[in-house]
Amino acid sequence: MGGGLLPGRETFLMSRSTAAPTTVFAARGITKVYHMGEVDVHALRGVDLDLFTGEFVVLLGPSGSGKSTLLNILGGLDVPSSGTVFYRDRRLTEFDDAALTRYRRDHVGFVFQFYNLIPSLTARENVALITEIARDPMNPVEALQMVDLGDRLDHFPAQMSGGEQQRVAIARAVAKRPDVLLCDEPTGALDVKTGVLVLEAIQRINRELGTTTAVITHNAVIADMADRVIHLSGGEVTGVDVNTRKRPAAELTW
Amino acid sequence: MLIAPLDRKMLRDLWHMRSLAAAISVVMGCGVALFLLSRSMLHSLELSQQSYYNRYNFADLFATVKRAPDSLIERIGELPGVAVAERRIVVPVNLSLPGMEAPASGRLISVPDAGRPRLNQLFLRKGRWLTPRSDDEVLASEAFVEANGLELGDRFSAIINGRMEELSIVGVVLSPEYIYEIKPGDLVPDNRHFGVFWMNEEALQMAYDMDGAFNDLSVRLMRSANPAEVIRRIDELTDPYGGLGAYDRMDQMSHHFVDNEIEQNRTMGLFAPSIFLGVSAFLLNVVMSRTINSQREQIAALKAFGYSNIEVGWHYIKFVLLIVAASLLVGIPAGAWFGWFVTGMYARLFHFPELVFRIYFSTILAAAGVSGAASVLGAMGSVMRAVRLPPAEAMRPEPPAGFGPTLMERLGLGHLVPPILLMIVRQLERRPVKTAFSTIAISLAVAVLVIGNFFQDSIDYMVDAQFNLVQRFDMSVSMADPVSDRAVYELASMPGVLHCEPTRAVSARLRAGPRSRRVAVRGLRPDSTLFGLVNMDGQEMELPRHGLLVSKKLAEVLRVGVGDWVQMEALVDKRPVRQVMIAATINDFAGLQAFMNIEELHRLMLEGPVITGAQMLVDPRQQDMLYRKLKETPEVSTVMVKQHTLDSFNRTIVKNLGVMKRINLVFACIIAAGVVYNSARISLAERSRELATLRVMGFTRQEISSILLGELAIVTLLAIPAGLALGKLFAAWMTAAFDQELFRFPLVVTHRTNAWAALVVMLASAVSGLIVRRNLDHLDLVAVLKSRE
């Protein structure tokens with residue numbers, strides 16, 4: 001549980017020669033209980049977690065391990081049943097709905113398993129939808145070029161492959177220059193080849209923009225491209241690994 | 001970018017569902033059109049009435065006397081509260097028009113030889129004013145001139161005080177007293193056979209031996225006057241001169257009818273648009289909840305990226321408002337067109353110098369406000385769900401629908417039902433609220449169709465009852481003054497008269513506490529066969545041996561019941577004041593009527609056997625001879641030919657009604673088609689994945705369409721009986737809303753109307769079903785199954 005984290009952090013710190021990285025997220029004792037009719041489902045059973053500036057973290061676990069719930073809580077889409085979450089020095093768990101909206105608008109970029117693009121808007125417009133409300137956005141075209149879709153600007157989601165749609169979703173997520181990029185099974189609906197392309201795009205964002213990135217997956221191969229791998233199972237953190245050598249996404253296969 | 005991406009999404013979503021949006025816009029457009037029509041018509045009528053009354057000095061009080069000296073008018077003019085009192089001579093005349101055998105009657109009204117009348121001034125439509133001192137020139141009412149195709153300079157004969165005089169029309173005029181120009185005692189104008197004419201006072205004084213005297217007066221009150229008090233004082237003053245009692249505008253026929261019409265517009269202005277706006281709000285609710293359900297994940301994404309609840313809610317509200325805007329685009333021109341149309345209809349009935357239909361910007365704003373509010377209210381539930389949708393939850397697909405055994409299966413009948421029917425029934429049972437709403441919406445369409453025809457049914461019934469059951473005579477005559485009942489024998493011996501029965505009518509004021517009404521109490525013979533006392537439901541009532549039989553409405557107005565006593569103040573002859581018992585009430589169709597045994601009426605009036613009129617059965621072959629004979633009989637002041645009344649009724653009311661009925665029908669079909677099409681499209685959208693799966697598994701097109709269309713068919717069949725019941729209920733409301741002193745509508749809904757409503761809705765269902773079926777045939781199996789919904 002939480003005990004497993006501190007050594008991990010130390011190892012992580014040791015692996016970097018730079019000055020001490022700042023904490024982006026600090027979660028302590030998070031639980032989440034869903035009431036499904038007469039049954040209570042414990043999605044998270046006391047999770048402690050820290051995420052640091054600029055790092056690439058993979059949350060690895062089987063389905064039902066609570067990783068999506070954890071990501072939703074970090075992203076301000078959901079609130080824990082108990083426990084606290086700090087985003088930098090602000091206590092996220094005390095935010096009301098309007099403050100959470102503000103937080104998502106200003107700091108978080110999301111990538112979903114099923115892309116969640118607006119089918120009635122083109123690639124460019126889907127990105128513009130977000131840059132509209134952001135404080136310091138990129139040009140939508142620039143964002144799409146970053147994911148190699150500069151030539152698909154005016155295509156509607158229905159005219160694109162799954163991989164392309166997911167890359168539009170990534171462009172949409174990063175176009176606002178978020179502080180954190182949260183990806184929920186971004187390759188879950190894709191084949192290996194397109195999945196790798198998507199992961200490359202995410203890795204590039206992390207590398208070039210320095211955006212703190214968390215990817216959840218049940219695919220252990222993807223863990224190889226992370227700085228750290230946090231293992232989740234049954235709603236608890238079961239271990240943290242630090243990769244000494246990050247593999248480029250292009251080398252991955254499954 | 002000119003249009004924000006979120007607005008683009010809205011526009012494209014809207015375009016995607018354009019046929020649904022258009023269906024809703026058209027239904028709502030009907031509501032807007034009806035709202036504009038009735039509000040603007042109301043405004044237009046009120047304004048025309050008010051400005052006409054003000055500019056042409058319509059009097060506040062009226063009174064008729066037998067014969068009073070000119071000095072009396074000065075005394076009335078000095079009464080407190082009286083601003084202007086004006087005397088004149090008003091006499092009934094029988095007319096003889098070239099080429100018209102049938103008797104026509106009219107009213108001659110005096111105008112001062114010098115100058116114009118101060119009250120009830122005339123509007124000269126064409127021609128010129130009377131030459132002073134001329135005794136053969138008249139100004140004729142426009143209604144009469146038009147109905148008879150007369151021209152300036154045309155001449156006709158009138159029997160003036162027993163002498164046939166040739167009169168020449170020099171001007172065509174309108175009067176605020178005769179906006180609705182009808183013969184006293186009639187309900188519908190017969191402008192061919194009744195007209196109003198204005199003539200120089202001196203000529204009339206000479207002809208009727210009224211030198212220095214008058215028989216009619218009008219009064220304009222001061223603002224501060226107490227009308228009841230002035231009426232009392234006028235009655236006191238006119239009593240010695242055979243005054244018939246002064247009355248205010250409420251008892252002035254033309255004013256009463258115009259006011260009645262204004263009231264009807266007010267009622268319709270609330271009722272009709274509410275139905276259409278209610279239905280469109282319901283449709284919007286269905287469409288929006290469907291749209292929002294299918295966009296759960298898009299909403300989640302928007303929220304995840306920081307769009308606020310207000311922004312998401314506003315996005316969908318804008319969607320609704322665009323549909324409202326489209327409905328205004330449909331409704332405003334439609335309302336203007338209907339207005340133009342209905343103004344034309346009114347022009348047949350009401351004679352204003354000018355009846356201008358204008359749609360004011362403020363009315364349009366009100367229409368936009370009302371339809372916008374109704375729509376937003378309708379969509380609010382779904383929009384609030386979108387707003388409240390927690391983003392994390394929206395990310396997950398909707399949980400699969402829970403199905404259970406249906407009632408049929410629980411009853412152990414499941415094995416009797418083929419699986420496809422089972423699917424249909426389960427689907428309907430699983431979503432009882434939605435099924436109920438679709439049923440209600442379609443039943444509203446049925447109900448609107450029922451109402452559309454109900455007025456026709458009601459009027460047909462009323463006409464049939466009035467002209468066949470109540471008025472069993474062919475012709476009725478009335479006398480200028482009471483005559484001995486021996487006149488009945490004289491009339492009976494005239495050519496063509498097969499049977500003749502006397503009537504005695506007494507103008508009287510009935511009082512119960514502070515409430516009173518002027519009515520004509522009619523004395524009938526208990527064995528009368530030519531006048532039926534028939535209830536709204538067709539039942540014949542017996543004339544009570546003692547006491548009054550009154551219209552149910554009259555009893556309501558006076559707030560009395562059977563067994564109560566009222567004061568009956570006769571306004572003619574010896575003017576006796578009596579206490580009379582209400583012996584029975586009759587639920588009749590029109591007016592405030594009171595009947596009494598003729599013998600008892602004679603006793604109350606302290607008079608012998610006199611009559612004021614007679615009703616006759618006439619041999620049509622000898623009709624013309626009878627007409628001629630009657631024209632030569634000076635005692636007979638007016639002749640009413642039933643067929644003429646019926647013809648005139650058909651020309652005006654029935655014609656107008658026919659137009660309204662067609663408009664209603666179009667509206668009802670729009671509602672029916674809109675609702676049914678909407679239901680079918682939504683079911684298709686909701687179930688395309690399921691249906692595609694079945695296709696993949698090997699079901700034929702025929703089979704899957706029967707699932708979808710079967711659902712529609714069951715809902716339609718459920719809706720029809722409900723709609724017929726609802727239609728009857730609405731009709732009952734309308735009868736209650738139109739329960740007025742002038743007219744009452746019987747609650748009659750014929751089987752034909754019911755069958756018609758059911759048929760139209762079934763047809764609309766079938767057509768919508770076929771359109772949707774075409775979509776079903778083009779179902780792209782792969783695409784439907786791939787998209788995660």
# chains A, B, ... in the order shown; residues from 1 in each chain; ligands from 1

call {"tool": "interface_residues", "arguments": {"of": "chain B", "to": "chain A", "cutoff": "10 Å", "atoms": "only C-alpha atoms", "output": "number ranges by chain"}}
result
B: 1, 4-16, 295-310, 390-393, 395, 783, 787-788

call {"tool": "write_last_selection", "arguments": {"atoms": "C-alpha atoms", "output": "compact mmCIF listing (two decimals), in the first residue's frame"}}
result
# COMPACT_ATOMS: atom_id res chain seq x y z
CA MET B 1 -13.67 31.38 -36.61
CA ALA B 4 -17.95 28.91 -32.26
CA PRO B 5 -17.29 25.16 -32.57
CA LEU B 6 -19.98 24.33 -30.03
CA ASP B 7 -22.51 26.27 -32.10
CA ARG B 8 -21.36 24.44 -35.19
CA LYS B 9 -22.00 21.20 -33.39
CA MET B 10 -25.50 22.39 -32.58
CA LEU B 11 -26.22 23.48 -36.14
CA ARG B 12 -24.95 20.21 -37.56
CA ASP B 13 -26.86 18.14 -34.99
CA LEU B 14 -29.94 20.11 -35.88
CA TRP B 15 -29.37 19.56 -39.57
CA HIS B 16 -28.91 15.87 -38.90
CA GLN B 295 -24.71 12.41 -26.56
CA ARG B 296 -23.82 11.27 -23.06
CA GLU B 297 -20.21 10.72 -24.00
CA GLN B 298 -19.92 13.99 -25.86
CA ILE B 299 -21.29 15.75 -22.82
CA ALA B 300 -18.78 13.92 -20.67
CA ALA B 301 -15.94 15.02 -22.94
CA LEU B 302 -17.11 18.62 -22.91
CA LYS B 303 -17.26 18.60 -19.16
CA ALA B 304 -13.93 16.80 -18.81
CA PHE B 305 -12.32 19.57 -20.79
CA GLY B 306 -13.78 22.20 -18.55
CA TYR B 307 -17.01 23.29 -20.18
CA SER B 308 -19.19 24.35 -17.29
CA ASN B 309 -22.65 23.02 -16.53
CA ILE B 310 -24.14 26.32 -17.58
CA PRO B 390 -21.54 13.60 -13.57
CA PRO B 391 -18.78 13.46 -16.17
CA ALA B 392 -17.23 10.28 -14.80
CA GLU B 393 -20.55 8.49 -15.06
CA MET B 395 -18.09 8.26 -19.67
CA ALA B 783 -21.99 1.16 -39.20
CA SER B 787 -20.71 2.69 -33.28
CA ARG B 788 -20.80 2.25 -29.56

call {"tool": "residues_around", "arguments": {"residues": "Asn161 (chain B)", "least_positions_apart": "6", "cutoff": "9 Å", "atoms": "only C-alpha atoms", "output": "PyMOL selection string"}}
result
chain B and resi 93+207-208+634

call {"tool": "closest_residue", "arguments": {"among": "B:Ile275, B:Ala225, B:Val425, B:Ile169", "to": "Gly153 (chain B)", "atoms": "only C-alpha atoms"}}
result
B:Ile169

call {"tool": "residues_around", "arguments": {"residues": "Met41 (chain B)", "least_positions_apart": "6", "cutoff": "10 Å", "atoms": "only C-alpha atoms", "output": "list in words"}}
result
Phe35, Leu47, Ile262, Asn265, Arg266, Gly269, Phe338, Gly339, Trp340, Val342, Thr343, Tyr346, Leu355, Val356, Phe357, Arg358 and Ile359 of chain B

call {"tool": "select_by_dssp", "arguments": {"residues": "region 101-221 of chain A", "states": "alpha helix (DSSP H)", "output": "mmCIF file with N, CA and C atoms, in the first residue's frame"}}
result
data_model
loop_
_atom_site.group_PDB
_atom_site.id
_atom_site.type_symbol
_atom_site.label_atom_id
_atom_site.label_comp_id
_atom_site.auth_asym_id
_atom_site.auth_seq_id
_atom_site.Cartn_x
_atom_site.Cartn_y
_atom_site.Cartn_z
ATOM 1 N N THR A 101 -14.724 22.378 -12.372
ATOM 2 C CA THR A 101 -14.830 22.716 -13.788
ATOM 3 C C THR A 101 -13.678 23.633 -14.191
ATOM 4 N N ARG A 102 -13.436 24.621 -13.360
ATOM 5 C CA ARG A 102 -12.361 25.584 -13.590
ATOM 6 C C ARG A 102 -11.008 24.860 -13.659
ATOM 7 N N TYR A 103 -10.847 23.954 -12.715
ATOM 8 C CA TYR A 103 -9.596 23.178 -12.633
ATOM 9 C C TYR A 103 -9.390 22.365 -13.911
ATOM 10 N N ARG A 104 -10.450 21.656 -14.356
ATOM 11 C CA ARG A 104 -10.334 20.853 -15.571
ATOM 12 C C ARG A 104 -10.047 21.743 -16.767
ATOM 13 N N ARG A 105 -10.727 22.889 -16.809
ATOM 14 C CA ARG A 105 -10.578 23.791 -17.933
ATOM 15 C C ARG A 105 -9.148 24.315 -18.039
ATOM 16 N N ASP A 106 -8.537 24.609 -16.868
ATOM 17 C CA ASP A 106 -7.231 25.274 -16.895
ATOM 18 C C ASP A 106 -6.035 24.319 -16.871
ATOM 19 N N HIS A 107 -6.212 23.135 -16.308
ATOM 20 C CA HIS A 107 -5.012 22.332 -16.037
ATOM 21 C C HIS A 107 -4.978 20.947 -16.649
ATOM 22 N N ALA A 123 -12.075 17.474 -37.379
ATOM 23 C CA ALA A 123 -10.898 17.358 -36.510
ATOM 24 C C ALA A 123 -10.507 18.743 -35.987
ATOM 25 N N ARG A 124 -10.405 19.680 -36.894
ATOM 26 C CA ARG A 124 -9.988 21.030 -36.514
ATOM 27 C C ARG A 124 -10.971 21.642 -35.521
ATOM 28 N N GLU A 125 -12.278 21.424 -35.806
ATOM 29 C CA GLU A 125 -13.292 22.011 -34.939
ATOM 30 C C GLU A 125 -13.341 21.337 -33.570
ATOM 31 N N ASN A 126 -13.070 20.024 -33.555
ATOM 32 C CA ASN A 126 -13.040 19.336 -32.276
ATOM 33 C C ASN A 126 -11.946 19.918 -31.386
ATOM 34 N N VAL A 127 -10.828 20.244 -31.999
ATOM 35 C CA VAL A 127 -9.738 20.834 -31.215
ATOM 36 C C VAL A 127 -10.095 22.276 -30.840
ATOM 37 N N ALA A 128 -10.673 22.971 -31.809
ATOM 38 C CA ALA A 128 -11.023 24.383 -31.555
ATOM 39 C C ALA A 128 -12.040 24.509 -30.434
ATOM 40 N N LEU A 129 -12.857 23.496 -30.301
ATOM 41 C CA LEU A 129 -13.859 23.472 -29.232
ATOM 42 C C LEU A 129 -13.188 23.701 -27.881
ATOM 43 N N ILE A 130 -11.971 23.143 -27.737
ATOM 44 C CA ILE A 130 -11.264 23.255 -26.465
ATOM 45 C C ILE A 130 -10.403 24.523 -26.418
ATOM 46 N N THR A 131 -9.759 24.841 -27.535
ATOM 47 C CA THR A 131 -8.894 26.026 -27.511
ATOM 48 C C THR A 131 -9.721 27.295 -27.270
ATOM 49 N N PRO A 140 -5.107 25.237 -33.215
ATOM 50 C CA PRO A 140 -5.599 23.873 -33.444
ATOM 51 C C PRO A 140 -4.804 23.149 -34.532
ATOM 52 N N VAL A 141 -4.418 23.880 -35.556
ATOM 53 C CA VAL A 141 -3.680 23.244 -36.650
ATOM 54 C C VAL A 141 -2.332 22.740 -36.142
ATOM 55 N N GLU A 142 -1.704 23.559 -35.342
ATOM 56 C CA GLU A 142 -0.399 23.199 -34.769
ATOM 57 C C GLU A 142 -0.534 21.932 -33.919
ATOM 58 N N ALA A 143 -1.606 21.889 -33.114
ATOM 59 C CA ALA A 143 -1.827 20.728 -32.260
ATOM 60 C C ALA A 143 -2.017 19.479 -33.101
ATOM 61 N N LEU A 144 -2.756 19.611 -34.202
ATOM 62 C CA LEU A 144 -2.998 18.451 -35.047
ATOM 63 C C LEU A 144 -1.725 18.036 -35.785
ATOM 64 N N GLN A 145 -0.889 19.017 -36.099
ATOM 65 C CA GLN A 145 0.379 18.678 -36.757
ATOM 66 C C GLN A 145 1.280 17.885 -35.808
ATOM 67 N N MET A 146 1.191 18.210 -34.519
ATOM 68 C CA MET A 146 1.997 17.485 -33.537
ATOM 69 C C MET A 146 1.674 16.007 -33.516
ATOM 70 N N GLY A 162 -9.735 4.583 -36.376
ATOM 71 C CA GLY A 162 -9.723 4.689 -34.913
ATOM 72 C C GLY A 162 -8.464 5.373 -34.413
ATOM 73 N N GLY A 163 -7.302 5.009 -35.023
ATOM 74 C CA GLY A 163 -6.043 5.599 -34.581
ATOM 75 C C GLY A 163 -6.027 7.095 -34.842
ATOM 76 N N GLU A 164 -6.537 7.465 -35.995
ATOM 77 C CA GLU A 164 -6.582 8.896 -36.318
ATOM 78 C C GLU A 164 -7.500 9.630 -35.360
ATOM 79 N N GLN A 165 -8.631 9.000 -35.076
ATOM 80 C CA GLN A 165 -9.568 9.645 -34.147
ATOM 81 C C GLN A 165 -8.901 9.841 -32.787
ATOM 82 N N GLN A 166 -8.146 8.817 -32.355
ATOM 83 C CA GLN A 166 -7.520 8.935 -31.044
ATOM 84 C C GLN A 166 -6.441 10.018 -31.065
ATOM 85 N N ARG A 167 -5.785 10.161 -32.203
ATOM 86 C CA ARG A 167 -4.769 11.214 -32.273
ATOM 87 C C ARG A 167 -5.424 12.605 -32.280
ATOM 88 N N VAL A 168 -6.605 12.696 -32.894
ATOM 89 C CA VAL A 168 -7.346 13.969 -32.795
ATOM 90 C C VAL A 168 -7.651 14.239 -31.324
ATOM 91 N N ALA A 169 -8.052 13.167 -30.636
ATOM 92 C CA ALA A 169 -8.383 13.329 -29.221
ATOM 93 C C ALA A 169 -7.158 13.803 -28.435
ATOM 94 N N ILE A 170 -5.980 13.281 -28.806
ATOM 95 C CA ILE A 170 -4.755 13.721 -28.112
ATOM 96 C C ILE A 170 -4.470 15.195 -28.433
ATOM 97 N N ALA A 171 -4.595 15.532 -29.709
ATOM 98 C CA ALA A 171 -4.395 16.936 -30.091
ATOM 99 C C ALA A 171 -5.349 17.835 -29.325
ATOM 100 N N ARG A 172 -6.613 17.361 -29.196
ATOM 101 C CA ARG A 172 -7.600 18.139 -28.476
ATOM 102 C C ARG A 172 -7.164 18.303 -27.016
ATOM 103 N N ALA A 173 -6.595 17.220 -26.449
ATOM 104 C CA ALA A 173 -6.211 17.264 -25.033
ATOM 105 C C ALA A 173 -5.032 18.193 -24.796
ATOM 106 N N VAL A 174 -4.085 18.199 -25.741
ATOM 107 C CA VAL A 174 -2.860 18.963 -25.465
ATOM 108 C C VAL A 174 -2.928 20.399 -25.992
ATOM 109 N N VAL A 192 -2.318 -3.008 -32.814
ATOM 110 C CA VAL A 192 -0.944 -2.720 -32.376
ATOM 111 C C VAL A 192 -0.346 -1.548 -33.142
ATOM 112 N N LYS A 193 -0.471 -1.593 -34.458
ATOM 113 C CA LYS A 193 0.208 -0.600 -35.277
ATOM 114 C C LYS A 193 -0.299 0.814 -34.968
ATOM 115 N N THR A 194 -1.600 0.966 -34.960
ATOM 116 C CA THR A 194 -2.134 2.301 -34.681
ATOM 117 C C THR A 194 -1.964 2.659 -33.219
ATOM 118 N N GLY A 195 -2.004 1.624 -32.360
ATOM 119 C CA GLY A 195 -1.795 1.867 -30.931
ATOM 120 C C GLY A 195 -0.431 2.470 -30.701
ATOM 121 N N VAL A 196 0.587 1.936 -31.404
ATOM 122 C CA VAL A 196 1.952 2.447 -31.251
ATOM 123 C C VAL A 196 2.021 3.904 -31.719
ATOM 124 N N LEU A 197 1.364 4.193 -32.828
ATOM 125 C CA LEU A 197 1.364 5.576 -33.326
ATOM 126 C C LEU A 197 0.807 6.535 -32.275
ATOM 127 N N VAL A 198 -0.280 6.098 -31.620
ATOM 128 C CA VAL A 198 -0.902 6.927 -30.599
ATOM 129 C C VAL A 198 0.053 7.108 -29.418
ATOM 130 N N LEU A 199 0.677 6.017 -29.006
ATOM 131 C CA LEU A 199 1.603 6.105 -27.871
ATOM 132 C C LEU A 199 2.792 7.003 -28.192
ATOM 133 N N GLU A 200 3.266 6.902 -29.429
ATOM 134 C CA GLU A 200 4.358 7.793 -29.866
ATOM 135 C C GLU A 200 3.956 9.244 -29.704
ATOM 136 N N ALA A 201 2.719 9.523 -30.102
ATOM 137 C CA ALA A 201 2.234 10.910 -29.998
ATOM 138 C C ALA A 201 2.227 11.350 -28.540
ATOM 139 N N ILE A 202 1.755 10.462 -27.661
ATOM 140 C CA ILE A 202 1.695 10.821 -26.240
ATOM 141 C C ILE A 202 3.107 11.030 -25.689
ATOM 142 N N GLN A 203 3.999 10.121 -26.073
ATOM 143 C CA GLN A 203 5.377 10.223 -25.590
ATOM 144 C C GLN A 203 6.035 11.528 -26.053
ATOM 145 N N ARG A 204 5.739 11.883 -27.273
ATOM 146 C CA ARG A 204 6.320 13.087 -27.831
ATOM 147 C C ARG A 204 5.835 14.330 -27.077
ATOM 148 N N ILE A 205 4.517 14.330 -26.766
ATOM 149 C CA ILE A 205 3.972 15.443 -25.998
ATOM 150 C C ILE A 205 4.697 15.564 -24.660
ATOM 151 N N ASN A 206 4.849 14.405 -24.016
ATOM 152 C CA ASN A 206 5.488 14.383 -22.695
ATOM 153 C C ASN A 206 6.932 14.895 -22.784
ATOM 154 N N ARG A 207 7.593 14.457 -23.848
ATOM 155 C CA ARG A 207 9.001 14.807 -23.990
ATOM 156 C C ARG A 207 9.158 16.278 -24.398
ATOM 157 N N GLU A 208 8.411 16.676 -25.398
ATOM 158 C CA GLU A 208 8.643 18.008 -25.954
ATOM 159 C C GLU A 208 8.001 19.121 -25.142
ATOM 160 N N LEU A 209 6.839 18.844 -24.571
ATOM 161 C CA LEU A 209 6.163 19.891 -23.811
ATOM 162 C C LEU A 209 6.389 19.749 -22.317
#

call {"tool": "residues_around", "arguments": {"residues": "Phe361 (chain B)", "least_positions_apart": "5", "cutoff": "12 Å", "atoms": "only C-alpha atoms", "output": "list in words"}}
result
Leu36, Arg39, Ser40, Ile332, Ala366, Ala367 and Ala368 of chain B

call {"tool": "select_by_dssp", "arguments": {"residues": "region 553-595 of chain B", "states": "strand (DSSP E or B)", "output": "mmCIF file with N, CA and C atoms, in the first residue's frame"}}
result
data_model
loop_
_atom_site.group_PDB
_atom_site.id
_atom_site.type_symbol
_atom_site.label_atom_id
_atom_site.label_comp_id
_atom_site.auth_asym_id
_atom_site.auth_seq_id
_atom_site.Cartn_x
_atom_site.Cartn_y
_atom_site.Cartn_z
ATOM 1 N N TRP B 565 -89.278 32.434 -6.663
ATOM 2 C CA TRP B 565 -90.155 33.465 -7.228
ATOM 3 C C TRP B 565 -89.312 34.611 -7.752
ATOM 4 N N VAL B 566 -89.733 35.157 -8.881
ATOM 5 C CA VAL B 566 -89.045 36.344 -9.405
ATOM 6 C C VAL B 566 -90.081 37.442 -9.608
ATOM 7 N N GLN B 567 -89.576 38.661 -9.668
ATOM 8 C CA GLN B 567 -90.486 39.768 -9.943
ATOM 9 C C GLN B 567 -90.520 39.982 -11.448
ATOM 10 N N MET B 568 -91.707 40.030 -12.000
ATOM 11 C CA MET B 568 -91.835 40.267 -13.433
ATOM 12 C C MET B 568 -92.485 41.632 -13.615
ATOM 13 N N GLU B 569 -91.693 42.558 -14.163
ATOM 14 C CA GLU B 569 -92.209 43.910 -14.373
ATOM 15 C C GLU B 569 -92.460 44.080 -15.864
ATOM 16 N N ALA B 570 -93.722 44.098 -16.237
ATOM 17 C CA ALA B 570 -94.054 44.259 -17.649
ATOM 18 C C ALA B 570 -93.679 45.679 -18.069
ATOM 19 N N VAL B 577 -96.667 44.874 -12.234
ATOM 20 C CA VAL B 577 -95.497 44.232 -11.618
ATOM 21 C C VAL B 577 -96.009 43.052 -10.812
ATOM 22 N N ARG B 578 -95.520 41.860 -11.112
ATOM 23 C CA ARG B 578 -96.067 40.642 -10.490
ATOM 24 C C ARG B 578 -94.958 39.771 -9.932
ATOM 25 N N GLN B 579 -95.320 38.932 -8.989
ATOM 26 C CA GLN B 579 -94.407 37.874 -8.549
ATOM 27 C C GLN B 579 -94.785 36.614 -9.317
ATOM 28 N N VAL B 580 -93.791 35.999 -9.936
ATOM 29 C CA VAL B 580 -94.066 34.794 -10.722
ATOM 30 C C VAL B 580 -93.099 33.707 -10.281
ATOM 31 N N MET B 581 -93.602 32.471 -10.275
ATOM 32 C CA MET B 581 -92.739 31.374 -9.864
ATOM 33 C C MET B 581 -92.007 30.785 -11.071
ATOM 34 N N ILE B 582 -90.754 30.385 -10.859
ATOM 35 C CA ILE B 582 -90.034 29.644 -11.895
ATOM 36 C C ILE B 582 -90.520 28.199 -11.790
ATOM 37 N N ALA B 583 -91.281 27.758 -12.794
ATOM 38 C CA ALA B 583 -91.891 26.432 -12.714
ATOM 39 C C ALA B 583 -90.966 25.363 -13.275
ATOM 40 N N ALA B 584 -90.149 25.754 -14.231
ATOM 41 C CA ALA B 584 -89.240 24.776 -14.836
ATOM 42 C C ALA B 584 -88.162 25.534 -15.602
ATOM 43 N N THR B 585 -87.047 24.846 -15.870
ATOM 44 C CA THR B 585 -86.026 25.464 -16.721
ATOM 45 C C THR B 585 -85.815 24.576 -17.934
ATOM 46 N N ILE B 586 -85.382 25.218 -19.011
ATOM 47 C CA ILE B 586 -85.144 24.472 -20.248
ATOM 48 C C ILE B 586 -83.724 24.765 -20.715
ATOM 49 N N ALA B 590 -80.138 29.187 -27.390
ATOM 50 C CA ALA B 590 -79.774 30.573 -27.650
ATOM 51 C C ALA B 590 -80.646 31.528 -26.863
ATOM 52 N N ALA B 594 -88.199 33.159 -21.919
ATOM 53 C CA ALA B 594 -89.161 32.887 -20.859
ATOM 54 C C ALA B 594 -90.505 32.597 -21.507
ATOM 55 N N PHE B 595 -91.125 31.516 -21.095
ATOM 56 C CA PHE B 595 -92.424 31.118 -21.657
ATOM 57 C C PHE B 595 -93.443 30.988 -20.539
#

call {"tool": "closest_residue", "arguments": {"among": "B:Leu776, B:Ala445, B:Ala21, B:Leu524", "to": "Val287 (chain B)", "atoms": "only C-alpha atoms"}}
result
B:Ala21

call {"tool": "closest_residue", "arguments": {"among": "A:Ala214, A:Ala226, A:Leu190, A:Leu182", "to": "Trp254 (chain A)", "atoms": "only C-alpha atoms"}}
result
A:Leu190

call {"tool": "residues_around", "arguments": {"residues": "region 716-729 of chain B", "least_positions_apart": "3", "cutoff": "7 Å", "atoms": "only C-alpha atoms", "output": "NGL selection string"}}
result
:B and (439-440 or 442-444 or 446-448 or 450-451 or 712-713 or 732-733 or 754 or 758)

call {"tool": "decode", "arguments": {"residues": "region 4-8 of chain B", "atoms": "N, CA and C atoms", "output": "CSV table (one decimal), in the first residue's frame"}}
result
chain,number,residue,atom,x,y,z
B,4,ALA,N,-18.7,29.7,-33.2
B,4,ALA,CA,-18.0,28.9,-32.3
B,4,ALA,C,-18.2,27.4,-32.5
B,5,PRO,N,-17.2,26.6,-32.3
B,5,PRO,CA,-17.3,25.2,-32.6
B,5,PRO,C,-18.5,24.5,-31.9
B,6,LEU,N,-18.8,24.9,-30.7
B,6,LEU,CA,-20.0,24.3,-30.0
B,6,LEU,C,-21.3,24.7,-30.8
B,7,ASP,N,-21.3,25.9,-31.3
B,7,ASP,CA,-22.5,26.3,-32.1
B,7,ASP,C,-22.6,25.5,-33.4
B,8,ARG,N,-21.4,25.3,-34.0
B,8,ARG,CA,-21.4,24.4,-35.2
B,8,ARG,C,-21.9,23.1,-34.9
